[in-house]
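Text of the file data_13.tsv, holding TSV, C-alpha atoms:
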chain	number	residue	atom	x	y	z
A	25	MET	CA	0.38	-70.06	41.20
A	26	LEU	CA	-0.23	-73.62	42.41
A	27	ILE	CA	-0.60	-72.46	46.03
A	28	ALA	CA	-3.16	-69.85	44.97
A	29	GLU	CA	-5.15	-72.46	43.04
A	30	ILE	CA	-5.13	-74.82	46.01
A	31	ILE	CA	-6.43	-72.06	48.31
A	32	ILE	CA	-9.17	-71.00	45.88
A	33	THR	CA	-10.23	-74.59	45.28
A	34	THR	CA	-10.34	-75.28	49.03
A	35	ILE	CA	-12.61	-72.28	49.60
A	36	LEU	CA	-14.93	-73.35	46.78
A	37	PHE	CA	-14.94	-76.91	48.12
A	38	ILE	CA	-15.97	-75.67	51.58
A	39	PHE	CA	-18.83	-73.65	50.05
A	40	THR	CA	-19.91	-76.83	48.25
A	41	VAL	CA	-19.74	-79.21	51.21
A	42	LEU	CA	-21.24	-77.02	53.95
A	43	PRO	CA	-24.83	-76.94	52.56
A	44	MET	CA	-24.91	-80.74	52.68
A	45	SER	CA	-25.19	-80.34	56.44
A	46	TYR	CA	-28.59	-80.00	58.13
A	47	SER	CA	-27.18	-77.13	60.18
A	48	GLN	CA	-29.48	-74.11	60.00
A	49	HIS	CA	-26.87	-71.55	61.02
A	50	TYR	CA	-26.88	-68.61	58.64
A	51	LEU	CA	-23.20	-69.11	57.73
A	52	VAL	CA	-24.01	-72.62	56.49
A	53	ARG	CA	-27.31	-71.80	54.79
A	54	SER	CA	-25.82	-68.76	53.05
A	55	CYS	CA	-23.78	-71.24	51.00
A	56	ASP	CA	-27.07	-72.31	49.34
A	57	PHE	CA	-27.43	-68.85	47.86
A	58	VAL	CA	-24.14	-68.74	45.97
A	59	ARG	CA	-24.29	-72.12	44.21
A	60	LEU	CA	-24.49	-70.45	40.81
A	61	GLN	CA	-21.49	-68.22	41.56
A	62	VAL	CA	-19.48	-71.14	42.94
A	63	PHE	CA	-20.33	-73.17	39.83
A	64	TYR	CA	-19.03	-70.43	37.50
A	65	LEU	CA	-15.91	-69.82	39.58
A	66	ALA	CA	-15.07	-73.52	39.75
A	67	LEU	CA	-15.63	-73.92	36.01
A	68	PHE	CA	-13.35	-70.96	35.30
A	69	ASN	CA	-10.83	-72.33	37.76
A	70	LEU	CA	-10.96	-75.73	36.07
A	71	VAL	CA	-10.06	-74.18	32.71
A	72	ILE	CA	-7.07	-72.46	34.30
A	73	VAL	CA	-5.93	-75.61	36.08
A	74	MET	CA	-6.18	-77.72	32.92
A	75	SER	CA	-4.05	-75.12	31.14
A	76	MET	CA	-1.49	-75.28	33.94
A	77	LEU	CA	-1.38	-79.06	33.61
A	78	LEU	CA	-0.07	-78.65	30.09
A	79	ILE	CA	2.52	-76.10	31.17
A	80	PHE	CA	3.86	-77.40	34.49
A	81	GLY	CA	4.49	-81.06	33.91
A	82	GLY	CA	6.74	-81.30	36.97
A	83	ASP	CA	3.87	-80.65	39.36
A	84	TYR	CA	1.51	-82.88	37.43
A	85	LEU	CA	0.05	-84.71	40.44
A	86	TRP	CA	-0.78	-81.51	42.33
A	87	TRP	CA	-2.37	-79.86	39.31
A	88	ALA	CA	-4.30	-83.06	38.55
A	89	ALA	CA	-5.60	-83.20	42.14
A	90	VAL	CA	-6.78	-79.58	41.92
A	91	ALA	CA	-8.43	-80.33	38.57
A	92	VAL	CA	-10.29	-83.30	40.05
A	93	ALA	CA	-11.44	-81.22	43.03
A	94	ASN	CA	-12.80	-78.50	40.74
A	95	SER	CA	-14.51	-81.11	38.58
A	96	ILE	CA	-16.29	-82.44	41.67
A	97	ILE	CA	-17.36	-78.92	42.65
A	98	VAL	CA	-18.72	-78.22	39.16
A	99	SER	CA	-20.60	-81.53	39.14
A	100	VAL	CA	-22.17	-81.09	42.58
A	101	GLN	CA	-23.19	-77.48	42.08
A	102	GLY	CA	-24.37	-78.24	38.57
A	103	TRP	CA	-26.66	-80.98	39.90
A	104	TRP	CA	-28.43	-78.49	42.17
A	105	ILE	CA	-28.89	-75.70	39.64
A	106	PHE	CA	-29.47	-77.80	36.49
A	107	PRO	CA	-33.31	-77.99	36.82
A	108	TYR	CA	-33.45	-74.21	36.32
A	109	THR	CA	-31.39	-74.13	33.16
A	110	TRP	CA	-32.80	-74.16	29.64
A	111	CYS	CA	-31.30	-77.64	29.18
A	112	ALA	CA	-33.69	-79.15	31.72
A	113	ALA	CA	-37.22	-80.32	31.01
A	114	HIS	CA	-40.12	-78.02	31.79
A	115	GLU	CA	-41.84	-79.03	35.00
A	116	VAL	CA	-44.91	-77.01	34.01
A	117	LYS	CA	-46.36	-77.20	30.52
A	118	SER	CA	-46.55	-74.07	28.40
A	119	ALA	CA	-49.93	-72.50	27.75
A	120	GLN	CA	-51.13	-71.77	24.24
A	121	SER	CA	-49.94	-68.34	23.13
A	122	ASN	CA	-53.54	-67.33	22.38
A	123	ALA	CA	-54.88	-68.70	25.69
A	124	GLN	CA	-57.43	-66.39	27.27
A	125	HIS	CA	-58.45	-65.78	30.87
A	126	SER	CA	-54.89	-65.97	32.15
A	127	ILE	CA	-53.97	-64.83	35.65
A	128	ARG	CA	-51.11	-62.33	35.89
A	129	ILE	CA	-49.38	-62.14	39.27
A	130	MET	CA	-46.74	-59.53	40.02
A	131	SER	CA	-44.61	-59.79	43.16
A	132	ALA	CA	-42.44	-56.83	44.16
A	133	ASN	CA	-40.21	-56.41	47.19
A	134	VAL	CA	-40.16	-52.62	47.15
A	135	LEU	CA	-37.31	-52.12	49.69
A	136	MET	CA	-38.80	-50.04	52.49
A	137	SER	CA	-36.18	-47.27	52.18
A	138	ASN	CA	-36.77	-46.98	48.42
A	139	HIS	CA	-39.08	-44.05	47.69
A	140	ASN	CA	-39.21	-44.34	43.91
A	141	SER	CA	-42.89	-45.25	43.87
A	142	ASP	CA	-43.45	-43.73	40.43
A	143	ALA	CA	-41.16	-46.32	38.82
A	144	LEU	CA	-43.12	-49.18	40.38
A	145	LEU	CA	-46.45	-47.63	39.42
A	146	LYS	CA	-45.23	-47.36	35.82
A	147	LEU	CA	-44.39	-51.09	35.84
A	148	VAL	CA	-47.86	-51.88	37.16
A	149	ASP	CA	-49.46	-49.69	34.49
A	150	LYS	CA	-47.37	-51.32	31.75
A	151	HIS	CA	-47.89	-54.97	32.72
A	152	GLN	CA	-51.38	-54.76	34.24
A	153	PRO	CA	-51.16	-57.64	36.73
A	154	ASP	CA	-54.40	-59.06	38.06
A	155	LEU	CA	-52.79	-59.55	41.45
A	156	LEU	CA	-50.05	-57.29	42.80
A	157	ILE	CA	-48.19	-58.27	45.96
A	158	THR	CA	-45.80	-55.77	47.53
A	159	LEU	CA	-43.34	-56.71	50.25
A	160	GLU	CA	-41.50	-54.41	52.69
A	161	SER	CA	-44.26	-51.85	52.08
A	162	ASP	CA	-44.86	-49.50	55.04
A	163	ASP	CA	-47.28	-46.61	55.64
A	164	TRP	CA	-45.43	-44.40	53.14
A	165	TRP	CA	-45.77	-47.03	50.43
A	166	GLN	CA	-49.41	-47.61	51.36
A	167	GLN	CA	-50.14	-43.93	50.76
A	168	LYS	CA	-48.28	-43.86	47.44
A	169	LEU	CA	-49.89	-47.07	46.18
A	170	SER	CA	-53.39	-45.99	47.15
A	171	VAL	CA	-53.82	-44.58	43.61
A	172	LEU	CA	-54.07	-48.18	42.43
A	173	LYS	CA	-57.36	-48.73	44.23
A	174	LYS	CA	-59.33	-47.27	41.34
A	175	ASP	CA	-58.17	-50.22	39.19
A	176	TYR	CA	-57.83	-52.72	42.01
A	177	PRO	CA	-61.08	-52.69	43.98
A	178	TYR	CA	-59.99	-55.46	46.34
A	179	THR	CA	-57.07	-54.62	48.59
A	180	ILE	CA	-55.49	-55.93	51.77
A	181	ASP	CA	-53.24	-53.58	53.71
A	182	CYS	CA	-50.64	-54.72	56.21
A	183	PRO	CA	-48.11	-51.89	56.54
A	184	LYS	CA	-45.16	-52.36	58.89
A	185	ASP	CA	-42.00	-50.40	59.57
A	186	ASN	CA	-39.85	-53.50	60.18
A	187	ARG	CA	-39.40	-54.48	56.50
A	188	TYR	CA	-42.13	-57.13	56.71
A	189	GLY	CA	-45.10	-55.07	55.62
A	190	MET	CA	-47.28	-56.50	52.84
A	191	HIS	CA	-49.99	-55.18	50.54
A	192	LEU	CA	-52.21	-57.01	48.10
A	193	PHE	CA	-54.08	-55.41	45.21
A	194	SER	CA	-56.53	-57.54	43.26
A	195	LYS	CA	-58.74	-57.03	40.24
A	196	TYR	CA	-60.46	-60.29	41.15
A	197	LYS	CA	-63.06	-60.52	43.85
A	198	ILE	CA	-61.60	-61.65	47.17
A	199	LYS	CA	-64.18	-63.79	48.93
A	200	GLN	CA	-62.18	-64.46	52.09
A	201	ALA	CA	-58.93	-63.11	53.46
A	202	GLN	CA	-56.80	-63.46	56.53
A	203	ILE	CA	-53.53	-61.92	57.71
A	204	CYS	CA	-51.49	-64.33	59.84
A	205	GLU	CA	-48.27	-64.36	61.81
A	206	LEU	CA	-47.48	-68.03	61.39
A	207	VAL	CA	-44.13	-68.37	63.14
A	208	GLU	CA	-42.87	-65.00	64.36
A	209	SER	CA	-44.70	-61.94	65.60
A	210	ASP	CA	-44.61	-58.96	63.22
A	211	VAL	CA	-43.73	-61.25	60.28
A	212	PRO	CA	-47.10	-61.50	58.52
A	213	SER	CA	-48.44	-63.49	55.62
A	214	ILE	CA	-51.61	-62.90	53.57
A	215	HIS	CA	-54.00	-65.70	52.66
A	216	ILE	CA	-56.97	-65.25	50.36
A	217	LEU	CA	-59.70	-67.07	48.48
A	218	PHE	CA	-60.41	-65.25	45.21
A	219	VAL	CA	-62.54	-65.84	42.12
A	220	ASN	CA	-61.15	-65.41	38.59
A	221	ASP	CA	-63.04	-64.34	35.46
A	222	ASP	CA	-64.23	-67.90	34.85
A	223	GLY	CA	-65.75	-68.15	38.32
A	224	LEU	CA	-63.00	-70.47	39.53
A	225	GLU	CA	-62.16	-70.22	43.22
A	226	ILE	CA	-58.40	-70.12	43.85
A	227	GLN	CA	-56.40	-70.01	47.04
A	228	GLY	CA	-53.61	-67.44	47.23
A	229	HIS	CA	-50.90	-67.54	49.88
A	230	PHE	CA	-48.35	-64.72	50.01
A	231	ILE	CA	-45.43	-65.06	52.38
A	232	HIS	CA	-42.21	-63.29	53.37
A	233	PRO	CA	-40.38	-65.23	56.11
A	234	ALA	CA	-37.34	-63.77	57.84
A	235	PRO	CA	-33.98	-64.64	56.25
A	236	PRO	CA	-31.08	-66.35	58.01
A	237	SER	CA	-28.53	-63.56	58.42
A	238	PRO	CA	-26.46	-61.88	61.17
A	239	THR	CA	-28.88	-58.93	61.22
A	240	GLU	CA	-32.11	-60.96	61.18
A	241	GLU	CA	-32.00	-64.58	62.33
A	242	ASP	CA	-28.94	-66.61	63.30
A	243	SER	CA	-30.80	-69.69	62.12
A	244	SER	CA	-32.93	-70.54	59.10
A	245	ARG	CA	-35.29	-72.53	61.34
A	246	PRO	CA	-38.07	-69.87	61.46
A	247	ARG	CA	-37.99	-69.50	57.66
A	248	ASP	CA	-37.88	-73.24	57.05
A	249	SER	CA	-40.67	-73.82	59.56
A	250	GLU	CA	-42.96	-71.33	57.83
A	251	LEU	CA	-42.33	-72.93	54.46
A	252	ILE	CA	-43.05	-76.42	55.78
A	253	MET	CA	-46.18	-75.24	57.64
A	254	VAL	CA	-47.60	-73.79	54.45
A	255	ALA	CA	-46.58	-76.89	52.47
A	256	LYS	CA	-48.30	-79.24	54.90
A	257	ALA	CA	-51.48	-77.15	54.91
A	258	LEU	CA	-51.68	-77.16	51.10
A	259	LYS	CA	-50.76	-80.80	50.53
A	260	ASP	CA	-54.35	-81.97	50.07
A	261	ALA	CA	-55.91	-78.72	48.85
A	262	THR	CA	-59.18	-79.23	46.97
A	263	ARG	CA	-58.94	-75.94	45.06
A	264	PRO	CA	-56.23	-74.56	42.77
A	265	VAL	CA	-53.42	-72.96	44.78
A	266	ILE	CA	-50.89	-70.19	44.16
A	267	VAL	CA	-48.07	-69.38	46.59
A	268	ALA	CA	-45.90	-66.33	45.95
A	269	GLY	CA	-43.55	-63.95	47.68
A	270	ASP	CA	-40.00	-63.32	48.80
A	271	LEU	CA	-39.10	-66.59	50.51
A	272	ASN	CA	-35.60	-65.39	51.47
A	273	ASP	CA	-34.50	-68.73	50.09
A	274	VAL	CA	-33.19	-69.85	46.73
A	275	ALA	CA	-35.07	-72.15	44.38
A	276	TRP	CA	-32.55	-75.00	44.62
A	277	SER	CA	-32.08	-75.17	48.40
A	278	ARG	CA	-33.00	-78.23	50.46
A	279	SER	CA	-35.77	-76.28	52.24
A	280	THR	CA	-37.43	-75.05	49.04
A	281	ARG	CA	-37.18	-78.51	47.47
A	282	LEU	CA	-38.75	-79.91	50.63
A	283	PHE	CA	-41.52	-77.31	50.39
A	284	MET	CA	-42.36	-78.54	46.89
A	285	GLN	CA	-42.14	-82.22	47.83
A	286	VAL	CA	-44.45	-81.84	50.83
A	287	SER	CA	-46.98	-79.54	49.15
A	288	GLY	CA	-46.95	-81.14	45.68
A	289	LEU	CA	-46.81	-77.65	44.13
A	290	LEU	CA	-44.86	-77.00	40.93
A	291	ASP	CA	-42.26	-74.42	39.95
A	292	PRO	CA	-42.87	-72.87	36.50
A	293	ARG	CA	-39.27	-71.64	36.29
A	294	LYS	CA	-37.85	-75.12	35.90
A	295	GLY	CA	-36.45	-75.52	32.42
A	296	ARG	CA	-37.04	-71.83	31.69
A	297	GLY	CA	-34.30	-70.01	33.60
A	298	PHE	CA	-33.15	-68.74	36.97
A	299	PHE	CA	-35.04	-65.43	37.01
A	300	ASN	CA	-32.66	-64.04	39.60
A	301	THR	CA	-34.49	-61.24	41.41
A	302	PHE	CA	-31.88	-60.21	43.99
A	303	HIS	CA	-29.57	-58.22	44.10
A	304	ALA	CA	-30.73	-55.70	41.49
A	305	SER	CA	-27.56	-53.59	41.82
A	306	TYR	CA	-24.90	-56.33	41.56
A	307	PHE	CA	-25.10	-58.49	38.45
A	308	PHE	CA	-22.41	-60.86	39.72
A	309	MET	CA	-24.23	-61.59	42.99
A	310	ARG	CA	-27.78	-62.49	42.01
A	311	TRP	CA	-30.03	-65.39	42.92
A	312	PRO	CA	-33.75	-66.26	42.76
A	313	LEU	CA	-35.29	-65.05	46.05
A	314	ASP	CA	-38.77	-64.19	44.77
A	315	HIS	CA	-40.88	-67.20	43.95
A	316	LEU	CA	-44.20	-68.40	42.63
A	317	PHE	CA	-45.44	-71.97	43.01
A	318	HIS	CA	-48.79	-73.38	41.94
A	319	SER	CA	-50.90	-76.53	41.93
A	320	THR	CA	-50.82	-78.95	39.03
A	321	GLY	CA	-53.73	-77.69	36.93
A	322	PHE	CA	-52.02	-74.51	35.75
A	323	THR	CA	-49.90	-73.98	32.65
A	324	VAL	CA	-47.50	-71.08	32.25
A	325	LYS	CA	-47.91	-68.43	29.60
A	326	ARG	CA	-45.13	-66.08	30.64
A	327	ILE	CA	-42.51	-65.47	33.31
A	328	LYS	CA	-40.65	-62.20	33.23
A	329	ARG	CA	-38.22	-60.38	35.48
A	330	LEU	CA	-39.16	-56.73	35.22
A	331	ALA	CA	-37.07	-53.57	34.97
A	332	LYS	CA	-35.36	-51.90	37.92
A	333	TYR	CA	-37.45	-49.54	40.00
A	334	GLY	CA	-35.10	-48.49	42.79
A	335	SER	CA	-35.39	-51.59	44.97
A	336	ASP	CA	-32.68	-54.14	45.67
A	337	HIS	CA	-35.10	-56.68	44.14
A	338	PHE	CA	-36.47	-56.97	40.63
A	339	ALA	CA	-40.21	-57.51	40.42
A	340	LEU	CA	-41.37	-60.88	39.07
A	341	LEU	CA	-44.34	-61.24	36.71
A	342	THR	CA	-45.88	-64.67	36.17
A	343	GLU	CA	-48.83	-65.36	33.88
A	344	LEU	CA	-50.71	-68.62	34.41
A	345	VAL	CA	-53.62	-70.31	32.65
A	346	TYR	CA	-55.81	-72.80	34.49
A	347	GLU	CA	-56.46	-75.79	32.24
A	348	ASP	CA	-57.04	-78.52	34.85
A	349	ILE	CA	-54.40	-80.79	33.33
A	350	GLU	CA	-52.38	-83.59	34.88
A	351	GLN	CA	-48.80	-82.67	35.71
A	352	HIS	CA	-46.28	-83.95	38.19
A	353	SER	CA	-43.19	-82.71	39.94
A	354	ASN	CA	-39.86	-83.69	38.41
A	355	LEU	CA	-38.28	-83.97	41.86
A	356	ASP	CA	-37.06	-87.40	42.87
A	357	GLU	CA	-39.05	-89.28	45.49
A	358	ASN	CA	-37.73	-88.45	48.94
A	359	THR	CA	-37.88	-91.58	51.06
A	360	GLU	CA	-36.73	-89.65	54.13
A	361	LEU	CA	-39.31	-86.89	53.83
A	362	GLU	CA	-40.50	-86.98	57.43
A	363	GLU	CA	-36.93	-87.04	58.75
A	364	ASP	CA	-36.09	-83.97	56.66
A	365	VAL	CA	-39.19	-82.17	57.91
A	366	ASP	CA	-38.36	-82.98	61.53
A	367	ALA	CA	-34.78	-81.83	61.04
A	368	LEU	CA	-35.77	-78.40	59.70
A	369	MET	CA	-39.05	-77.52	61.41
A	370	MET	CA	-39.62	-75.97	64.82
A	371	GLU	CA	-41.64	-77.98	67.31
A	372	HIS	CA	-45.21	-77.23	68.35
A	373	LEU	CA	-46.22	-75.57	65.07
A	374	ASP	CA	-49.58	-76.52	63.61
A	375	LYS	CA	-50.37	-76.52	59.89
A	376	GLY	CA	-53.94	-75.66	60.94
A	377	GLN	CA	-52.75	-72.09	61.52
A	378	VAL	CA	-52.58	-71.67	57.74
A	379	PRO	CA	-56.00	-70.65	56.37
A	380	THR	CA	-57.15	-72.94	53.57
A	381	PHE	CA	-60.78	-71.77	53.33

Have the structure of the file written as structure tokens, please.
Amino acid sequence: MLIAEIIITTILFIFTVLPMSYSQHYLVRSCDFVRLQVFYLALFNLVIVMSMLLIFGGDYLWWAAVAVANSIIVSVQGWWIFPYTWCAAHEVKSAQSNAQHSIRIMSANVLMSNHNSDALLKLVDKHQPDLLITLESDDWWQQKLSVLKKDYPYTIDCPKDNRYGMHLFSKYKIKQAQICELVESDVPSIHILFVNDDGLEIQGHFIHPAPPSPTEEDSSRPRDSELIMVAKALKDATRPVIVAGDLNDVAWSRSTRLFMQVSGLLDPRKGRGFFNTFHASYFFMRWPLDHLFHSTGFTVKRIKRLAKYGSDHFALLTELVYEDIEQHSNLDENTELEEDVDALMMEHLDKGQVPTF
């Protein structure tokens, strides 16, 4: 029993220590994704070990060492995920329940091989988003979603058969739009300037960088570079900004935290929950891959993870109200910001490639 506990604790300790490295290899960065699972496993393991301490007094020192190791794991992982628990303070203020002229944004990674378009269309009809962003949508999905154009007069189509297609459907007028391949060819992003019902011009940036994985990218560098490029471009934005999409990164990773620190954008999930959107089929292996960030003037009226519709992702619905209020990030000041950026970002990339209208 003691040997088994030592082995389990060692594995959990490795998963905890590896992400502290700046290595961008997918085996290292994948440890960012499972922080929540490692936290729960270590906490469960700690309960078992403390029970064993009471039973096996003869091996007290070994059991105590294992207990200390699991306590460290729980503390470290808890520090990373705590901002997204209900115990943490809200980073974004809540809107009044009767607030009008809200903006509803729905982001849905449809899974290109999923052909249950009716289920997604029913979700759209039920929740009536003002902006709908689909990811992994190819020509088949473009045809099936074309029925939405009667309610969404402004659309941007970017179908691809490589799982990086994107489509945007908007009830708001889109004044300017541009499709870009910021870091890698055939990995597009959509950038728009739209006008809401109050006549307010808002920048929208919708991204889906490639994930670090053995089947996609050995390194997270392309993903991290795209996030930092967008962050740098939006740092001094003069209009309200919304960034949304499947970032193929978790909310608590170093790269996503760096994105928020560089851009100054806020995360409305903080203090409200994890809103784990992937994997829809495995409840024990879920993490927040689909994100929405916004500039400081917005308040949040609602965040909701929607019902299954055949994809490996849940769709995410976020409802914001623009009130032009003063808010600030609850992230600590990063005195080594430039060093972190240099460590993660590819060379020779220009933030000017990101349209800011």

Write out as a ChimeraX atom specification which residues come within 10 Å of region 357-368 of chain A when counting only C-alpha atoms, dropping same-chain ones fewer than 2 positions away. /A:46-48,244-249,252-253,278-279,282-283,285-286,353-355,370-371

Residues within 8 Å of Ile231 (chain A), all atoms listed in the file, excluding chain neighbours under 4 positions, as a compact mmCIF listing (two decimals) with C-alpha atoms, keeping the file's coordinate frame:
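Output (around_10.txt):
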# COMPACT_ATOMS: atom_id res chain seq x y z
CA PRO A 212 -47.10 -61.50 58.52
CA SER A 213 -48.44 -63.49 55.62
CA ILE A 214 -51.61 -62.90 53.57
CA VAL A 267 -48.07 -69.38 46.59
CA ALA A 268 -45.90 -66.33 45.95
CA GLY A 269 -43.55 -63.95 47.68
CA ASP A 270 -40.00 -63.32 48.80
CA LEU A 271 -39.10 -66.59 50.51

Residues at most 6 Å from region 153-167 of chain A, counting all atoms listed in the file, excluding those fewer than 2 positions away in the same chain, as a count of residues only? 24

Best match for closeness to Asp291 (chain A) among A:Asp260, A:Glu347, A:Glu115, A:Asp175, counting all atoms listed in the file: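 Of A:Asp260, A:Glu347, A:Glu115, A:Asp175, the one nearest Asp291 (chain A) is A:Glu115, counting all atoms listed in the file.
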
Interatomic distance (Å, one decimal) between CA of Asp181 (chain A) and CA of Leu316 (chain A):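 Going from CA of Asp181 (chain A) over to CA of Leu316 (chain A), I get 20.6 Å.
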
For CA of Phe299 (chain A) and CA of Val211 (chain A), the interatomic separation in Å (one decimal):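 Computing it gives 25.2 Å between the two atoms.
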
Grab the CA of Lys197 (chain A) to CA of Thr320 (chain A) distance for me, in Å with one decimal place.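 These two atoms are separated by 22.6 Å.
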
Counting only C-alpha atoms, which of A:Lys168, A:Arg310, A:Arg263, A:Lys332 gets nearest to Asp348 (chain A)? A:Arg263

Place a sphere of radius 9 Å on (-46.8, -85.5, 32.6) in the file coordinates and name every protein, DNA or RNA residue with an atom inside or on its surface, counting only C-alpha atoms; give the answer as a list in words. Glu115, Val116, Lys117, Ile349, Glu350, Gln351, His352 and Ser353 of chain A

Do you know which residues are at most 9 Å from Phe57 (chain A) counting only C-alpha atoms, after dropping those on the same chain fewer than 4 positions away, and could you put them as a VMD selection string? chain A and resid 53 61 273 to 274 276 to 277 310 to 313

Mind checking which residues fall within 12 Å of Ile35 (chain A), counting all atoms listed in the file, ignoring those fewer than 6 positions away in the same chain, and posting them as a ChimeraX atom specification? /A:28-29,41-42,55,62,65-66,69,93-94,97

Of the residues A:Glu250, A:Glu225, A:Asp242, A:Glu205, which is the one nearest to Phe381 (chain A), using all atoms listed in the file? A:Glu225

Between A:Tyr196, A:Phe317, A:Phe68, A:Tyr176, single out the one closest to His229 (chain A), counting all atoms listed in the file.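 Checking each of A:Tyr196, A:Phe317, A:Phe68, A:Tyr176 against His229 (chain A), counting all atoms listed in the file, the winner is A:Phe317.
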
Which of these, A:Ser121, A:Arg59, A:Asn272, A:Cys182, has the shortest distance to Phe106 (chain A) once you count all atoms listed in the file?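 Under the stated criterion, the closest residue is A:Arg59.
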
Ranking A:Ile180, A:Ala91, A:Ile198, A:Leu51 by minimum distance to Met76 (chain A) and counting all atoms listed in the file, which one comes first? A:Ala91
